[in-house]
Amino acid sequence: MARAVLLLPSLERVFAGTLPADVARALGRADRLDGDPGRAAQSGRHFTLLPNRWAEAALSRLAETGADADDVRRHAWLRVDPAHLRADINGVLLLGTGEALGLDAGDTAAFLPALKPLFGDAGFQLEAPHPARWYLRLPKEAKLPAFASPEIAVGGDVFEHAPDGPEARRWNALMSEAQVLLHNHPRNAQRAEAGRVALNALWPWGGGMLPDHATTTFPKLHSDDVLLHGLAKLANIDAMPATTPVPEDALFDLRKADAATLRPMLDALHRGELHELALDFADGPLFTLRRAQRWRFWRKPFAIPRG
């Protein structure tokens, strides 16, 4: 019988109100593991990398349209996603990156010619295979500081998330020069006239080289996430767009879904169409449900901790 895993948002987001009684019972009787929160940690629970280097930029670059695996392996990579910063009395805040800025191919065509010479002089090649996802192609030996991911930094003061260490000064200076170019770019005036926010910074993150191999226990992935598609390509499994989950051996990315999406899969488990159903929540808990757990009647129903 099939084993399905659902990648979900946080518990509180999925179950915004009261947890349904049957779901609370099922979660209370399930096997539970508590992992690290965050999208990268959640994805990493289902893929093993060899060597174990988690380089989001290289993995997602592998999944971009037209990417050549051998070419990706020859370089190190860094995401430099378009970003919007705003100064206020609490400092300079990162308010959004990537898709949150509503970019299109016209924006890419306008901004890249101004930025490519800056990075070219530093020995790096700027690429934008998708309007919301930009990359730097780096030499293999490039030394990178630890950059904060947008997931962590959005909404916070950029100076609190600035890298440090011996390599940080060069990168901070390079990103400051990029900010000046973007701030003065006429395309931002056009975006303002259209009611869109400015692309006034780049946010570097996820640097490193592509691992040699990836393994997973699933033959199939359903997701729209470019990082997961890169992992699937490295693991040589089928990867398809996100879809409504069905009882089959697969990993389903439902991090934009709600509690209603769970009901058909819980019913399928109850009918015996699934051998196992794993619910992996973005804030860390992973519940593994099986039919035989219904006999664990002594266990209390699960309750979401409220802070």
# chains A, B, ... in the order shown; residues from 1 in each chain; ligands from 1

call {"tool": "closest_atom_pairs", "arguments": {"of": "region 166-259 of chain A", "to": "region 137-154 of chain A", "cutoff": "8 Å", "atoms": "only C-alpha atoms", "output": "Markdown table"}}
result
| residue | atom | partner | partner_atom | distance |
| --- | --- | --- | --- | --- |
| A:Pro166 | CA | A:Pro145 | CA | 7.8 |
| A:Glu167 | CA | A:Pro145 | CA | 5.7 |
| A:Ala168 | CA | A:Pro145 | CA | 5.7 |
| A:Trp203 | CA | A:Pro150 | CA | 7.5 |
| A:Pro204 | CA | A:Phe147 | CA | 6.5 |
| A:Trp205 | CA | A:Phe147 | CA | 5.0 |
| A:Gly206 | CA | A:Ser149 | CA | 6.9 |
| A:Gly207 | CA | A:Leu144 | CA | 7.1 |
| A:Gly208 | CA | A:Leu144 | CA | 8.0 |
| A:Met209 | CA | A:Lys140 | CA | 7.3 |

call {"tool": "write_last_selection", "arguments": {"atoms": "N, CA and C atoms", "output": "PDB file, in the first residue's frame"}}
result
ATOM      1  N   PRO A 166      35.772  37.394   7.759  1.00  0.00           N
ATOM      2  CA  PRO A 166      36.780  38.006   6.885  1.00  0.00           C
ATOM      3  C   PRO A 166      36.305  38.277   5.461  1.00  0.00           C
ATOM      4  N   GLU A 167      35.321  37.514   4.959  1.00  0.00           N
ATOM      5  CA  GLU A 167      34.849  37.713   3.589  1.00  0.00           C
ATOM      6  C   GLU A 167      33.689  38.697   3.494  1.00  0.00           C
ATOM      7  N   ALA A 168      33.141  39.086   4.626  1.00  0.00           N
ATOM      8  CA  ALA A 168      31.910  39.872   4.604  1.00  0.00           C
ATOM      9  C   ALA A 168      32.111  41.272   4.045  1.00  0.00           C
ATOM     10  N   TRP A 203      19.294  40.498  -2.380  1.00  0.00           N
ATOM     11  CA  TRP A 203      19.503  39.775  -1.126  1.00  0.00           C
ATOM     12  C   TRP A 203      20.281  38.488  -1.411  1.00  0.00           C
ATOM     13  N   PRO A 204      21.557  38.421  -0.969  1.00  0.00           N
ATOM     14  CA  PRO A 204      22.369  37.230  -1.212  1.00  0.00           C
ATOM     15  C   PRO A 204      22.091  36.139  -0.179  1.00  0.00           C
ATOM     16  N   TRP A 205      22.024  34.910  -0.629  1.00  0.00           N
ATOM     17  CA  TRP A 205      21.789  33.794   0.293  1.00  0.00           C
ATOM     18  C   TRP A 205      21.968  32.463  -0.430  1.00  0.00           C
ATOM     19  N   GLY A 206      22.093  31.389   0.351  1.00  0.00           N
ATOM     20  CA  GLY A 206      22.071  30.028  -0.191  1.00  0.00           C
ATOM     21  C   GLY A 206      23.294  29.629  -0.985  1.00  0.00           C
ATOM     22  N   GLY A 207      24.458  30.230  -0.719  1.00  0.00           N
ATOM     23  CA  GLY A 207      25.627  29.974  -1.540  1.00  0.00           C
ATOM     24  C   GLY A 207      26.251  28.607  -1.343  1.00  0.00           C
ATOM     25  N   GLY A 208      26.967  28.156  -2.382  1.00  0.00           N
ATOM     26  CA  GLY A 208      27.709  26.907  -2.294  1.00  0.00           C
ATOM     27  C   GLY A 208      27.699  26.145  -3.598  1.00  0.00           C
ATOM     28  N   MET A 209      28.222  24.931  -3.529  1.00  0.00           N
ATOM     29  CA  MET A 209      28.323  24.065  -4.703  1.00  0.00           C
ATOM     30  C   MET A 209      27.296  22.941  -4.645  1.00  0.00           C
TER      31      MET A 209
END

call {"tool": "select_by_dssp", "arguments": {"residues": "region 106-304 of chain A", "states": "strand (DSSP E or B)", "output": "PyMOL selection string"}}
result
chain A and resi 125-130+133-138+157+201-209+213-215+220-222+238-240+250-253+274-281+285-289

call {"tool": "atom_distance", "arguments": {"atom1": "CA of Pro301 (chain A)", "atom2": "CA of Asp22 (chain A)"}}
result
8.6 Å

call {"tool": "closest_atom_pairs", "arguments": {"of": "region 64-148 of chain A", "to": "region 51-56 of chain A", "cutoff": "12 Å", "atoms": "only C-alpha atoms", "output": "CSV"}}
result
residue,atom,partner,partner_atom,distance
A:Val72,CA,A:Ala55,CA,11.9
A:Arg73,CA,A:Ala55,CA,11.8
A:His75,CA,A:Ala55,CA,11.9
A:Ala76,CA,A:Ala55,CA,9.1
A:Trp77,CA,A:Ala55,CA,8.0
A:Leu78,CA,A:Glu56,CA,8.2
A:Arg79,CA,A:Glu56,CA,7.9
A:Val80,CA,A:Glu56,CA,11.5
A:Arg133,CA,A:Glu56,CA,11.6
A:Tyr135,CA,A:Glu56,CA,10.8
A:Leu144,CA,A:Ala55,CA,11.7
A:Ala146,CA,A:Ala55,CA,11.3
A:Phe147,CA,A:Ala55,CA,11.5
A:Ala148,CA,A:Glu56,CA,11.8

call {"tool": "atom_distance", "arguments": {"atom1": "CA of Thr244 (chain A)", "atom2": "CA of Ala282 (chain A)"}}
result
18.6 Å

call {"tool": "closest_residue", "arguments": {"among": "A:Gly44, A:Pro37, A:Gly17, A:Pro113", "to": "Leu228 (chain A)", "atoms": "only C-alpha atoms"}}
result
A:Gly44

call {"tool": "residues_around", "arguments": {"residues": "Thr243 (chain A)", "least_positions_apart": "6", "cutoff": "9 Å", "atoms": "only C-alpha atoms", "output": "list in words"}}
result
His222, Ser223, Phe252, Asp253 and Leu254 of chain A

call {"tool": "write_last_selection", "arguments": {"atoms": "C-alpha atoms", "output": "compact mmCIF listing (two decimals), in the first residue's frame"}}
result
# COMPACT_ATOMS: atom_id res chain seq x y z
CA HIS A 222 4.40 17.09 -6.53
CA SER A 223 5.52 20.69 -5.92
CA PHE A 252 3.24 16.41 -1.81
CA ASP A 253 4.15 20.05 -1.24
CA LEU A 254 1.05 21.62 0.35

call {"tool": "residues_around", "arguments": {"residues": "Gly155 (chain A)", "least_positions_apart": "6", "cutoff": "9 Å", "atoms": "only C-alpha atoms", "output": "VMD selection string"}}
result
chain A and resid 93 to 96

call {"tool": "residues_around", "arguments": {"residues": "Arg294 (chain A)", "least_positions_apart": "6", "cutoff": "10 Å", "atoms": "only C-alpha atoms", "output": "list in words"}}
result
Arg25, Ala26, Arg29, Ala30 and His270 of chain A

call {"tool": "residues_around", "arguments": {"residues": "Leu126 (chain A)", "least_positions_apart": "2", "cutoff": "8 Å", "atoms": "only C-alpha atoms", "output": "list in words"}}
result
Leu112, Leu115, Lys116, Phe119, Gly120, Phe124, Ala128, Trp134, Tyr135, Leu136 and Arg137 of chain A

call {"tool": "residues_around", "arguments": {"residues": "His275 (chain A)", "least_positions_apart": "4", "cutoff": "10 Å", "atoms": "only C-alpha atoms", "output": "list in words"}}
result
Met1, Ala2, Arg3, Ala4, Pro247, Glu248, Asp249, Ala268, Leu269, His270, Arg271, Leu289, Arg290, Arg291 and Ala292 of chain A

call {"tool": "write_last_selection", "arguments": {"atoms": "C-alpha atoms", "output": "JSON list (two decimals), in the first residue's frame"}}
result
[["chain", "number", "residue", "atom", "x", "y", "z"],
["A", 1, "MET", "CA", 0.00, 0.00, 0.00],
["A", 2, "ALA", "CA", 1.01, 3.60, -0.56],
["A", 3, "ARG", "CA", 2.92, 5.90, 1.75],
["A", 4, "ALA", "CA", 2.40, 9.63, 1.30],
["A", 247, "PRO", "CA", -3.23, 7.97, -2.12],
["A", 248, "GLU", "CA", 0.10, 7.15, -3.77],
["A", 249, "ASP", "CA", 3.80, 6.88, -2.92],
["A", 268, "ALA", "CA", -7.99, 7.43, 2.56],
["A", 269, "LEU", "CA", -5.85, 6.28, 5.49],
["A", 270, "HIS", "CA", -8.99, 5.28, 7.42],
["A", 271, "ARG", "CA", -10.25, 3.26, 4.42],
["A", 289, "LEU", "CA", -0.15, 8.16, 11.05],
["A", 290, "ARG", "CA", -1.11, 4.51, 10.52],
["A", 291, "ARG", "CA", -4.45, 2.70, 10.81],
["A", 292, "ALA", "CA", -3.26, 0.47, 13.65]]

call {"tool": "select_by_dssp", "arguments": {"residues": "region 4-170 of chain A", "states": "helix (DSSP H, G or I)", "output": "PDB file with C-alpha atoms, in the first residue's frame"}}
result
ATOM      1  CA  LEU A  11       0.444  23.935  12.746  1.00  0.00           C
ATOM      2  CA  GLU A  12      -1.174  27.246  13.666  1.00  0.00           C
ATOM      3  CA  ARG A  13      -1.556  28.247  10.033  1.00  0.00           C
ATOM      4  CA  VAL A  14      -3.105  24.920   9.008  1.00  0.00           C
ATOM      5  CA  ALA A  21     -11.840  16.295  17.283  1.00  0.00           C
ATOM      6  CA  ASP A  22     -10.997  13.363  14.982  1.00  0.00           C
ATOM      7  CA  VAL A  23      -7.816  15.052  13.773  1.00  0.00           C
ATOM      8  CA  ALA A  24      -6.782  15.825  17.368  1.00  0.00           C
ATOM      9  CA  ARG A  25      -7.280  12.149  18.252  1.00  0.00           C
ATOM     10  CA  ALA A  26      -5.305  10.962  15.223  1.00  0.00           C
ATOM     11  CA  LEU A  27      -2.399  13.297  15.932  1.00  0.00           C
ATOM     12  CA  GLY A  28      -2.407  12.354  19.602  1.00  0.00           C
ATOM     13  CA  ARG A  29      -2.064   8.660  18.700  1.00  0.00           C
ATOM     14  CA  ARG A  39      11.519  25.457   4.622  1.00  0.00           C
ATOM     15  CA  ALA A  40      15.085  24.231   4.129  1.00  0.00           C
ATOM     16  CA  ALA A  41      14.989  22.002   7.223  1.00  0.00           C
ATOM     17  CA  GLN A  42      11.579  20.672   6.199  1.00  0.00           C
ATOM     18  CA  SER A  43      12.800  19.783   2.707  1.00  0.00           C
ATOM     19  CA  GLY A  44      15.960  18.265   4.148  1.00  0.00           C
ATOM     20  CA  GLU A  56      20.030  26.296  -1.965  1.00  0.00           C
ATOM     21  CA  ALA A  57      21.366  28.377  -4.842  1.00  0.00           C
ATOM     22  CA  ALA A  58      23.017  25.461  -6.640  1.00  0.00           C
ATOM     23  CA  LEU A  59      20.084  23.131  -6.007  1.00  0.00           C
ATOM     24  CA  SER A  60      17.494  25.594  -7.288  1.00  0.00           C
ATOM     25  CA  ARG A  61      19.697  26.614 -10.249  1.00  0.00           C
ATOM     26  CA  LEU A  62      19.724  22.951 -11.293  1.00  0.00           C
ATOM     27  CA  ALA A  63      15.927  23.055 -11.638  1.00  0.00           C
ATOM     28  CA  ALA A  69      23.723  19.618 -14.670  1.00  0.00           C
ATOM     29  CA  ASP A  70      27.376  19.426 -15.762  1.00  0.00           C
ATOM     30  CA  ASP A  71      27.522  23.208 -16.101  1.00  0.00           C
ATOM     31  CA  VAL A  72      25.953  23.726 -12.669  1.00  0.00           C
ATOM     32  CA  ARG A  73      28.555  21.367 -11.147  1.00  0.00           C
ATOM     33  CA  GLY A  98      11.604  37.555  -5.188  1.00  0.00           C
ATOM     34  CA  GLU A  99       7.996  36.858  -6.076  1.00  0.00           C
ATOM     35  CA  ALA A 100       6.724  39.323  -3.464  1.00  0.00           C
ATOM     36  CA  LEU A 101       7.932  42.183  -5.682  1.00  0.00           C
ATOM     37  CA  ALA A 105      10.530  39.791 -17.839  1.00  0.00           C
ATOM     38  CA  GLY A 106      10.535  43.514 -18.637  1.00  0.00           C
ATOM     39  CA  ASP A 107      12.010  44.281 -15.219  1.00  0.00           C
ATOM     40  CA  THR A 108      14.736  41.692 -15.720  1.00  0.00           C
ATOM     41  CA  ALA A 109      15.590  43.097 -19.147  1.00  0.00           C
ATOM     42  CA  ALA A 110      15.806  46.617 -17.694  1.00  0.00           C
ATOM     43  CA  PHE A 111      17.807  45.979 -14.519  1.00  0.00           C
ATOM     44  CA  LEU A 112      20.318  43.322 -15.554  1.00  0.00           C
ATOM     45  CA  PRO A 113      22.345  45.404 -18.037  1.00  0.00           C
ATOM     46  CA  ALA A 114      23.057  47.912 -15.264  1.00  0.00           C
ATOM     47  CA  LEU A 115      24.119  45.251 -12.766  1.00  0.00           C
ATOM     48  CA  LYS A 116      26.075  42.787 -14.904  1.00  0.00           C
ATOM     49  CA  PRO A 117      29.192  44.997 -15.307  1.00  0.00           C
ATOM     50  CA  LEU A 118      29.375  45.518 -11.528  1.00  0.00           C
ATOM     51  CA  PHE A 119      29.468  41.785 -10.844  1.00  0.00           C
ATOM     52  CA  GLY A 120      31.542  41.057 -13.941  1.00  0.00           C
ATOM     53  CA  ASP A 121      34.308  43.328 -12.662  1.00  0.00           C
ATOM     54  CA  PRO A 150      14.982  35.713   3.195  1.00  0.00           C
ATOM     55  CA  GLU A 151      12.740  33.427   5.238  1.00  0.00           C
ATOM     56  CA  ILE A 152      14.632  34.514   8.350  1.00  0.00           C
ATOM     57  CA  ALA A 153      15.352  38.114   7.420  1.00  0.00           C
ATOM     58  CA  VAL A 158      19.004  44.263   7.439  1.00  0.00           C
ATOM     59  CA  PHE A 159      21.954  45.238   9.655  1.00  0.00           C
ATOM     60  CA  GLU A 160      20.971  42.590  12.181  1.00  0.00           C
ATOM     61  CA  HIS A 161      21.195  39.985   9.413  1.00  0.00           C
ATOM     62  CA  ALA A 168      31.910  39.872   4.604  1.00  0.00           C
ATOM     63  CA  ARG A 169      33.443  43.291   3.906  1.00  0.00           C
ATOM     64  CA  ARG A 170      33.861  42.611   0.187  1.00  0.00           C
TER      65      ARG A 170
END

call {"tool": "atom_distance", "arguments": {"atom1": "CA of Ala162 (chain A)", "atom2": "CA of Ser10 (chain A)"}}
result
26.6 Å

call {"tool": "closest_residue", "arguments": {"among": "A:Pro131, A:Lys233, A:Ala198, A:Gly35", "to": "Ala67 (chain A)", "atoms": "only C-alpha atoms"}}
result
A:Lys233
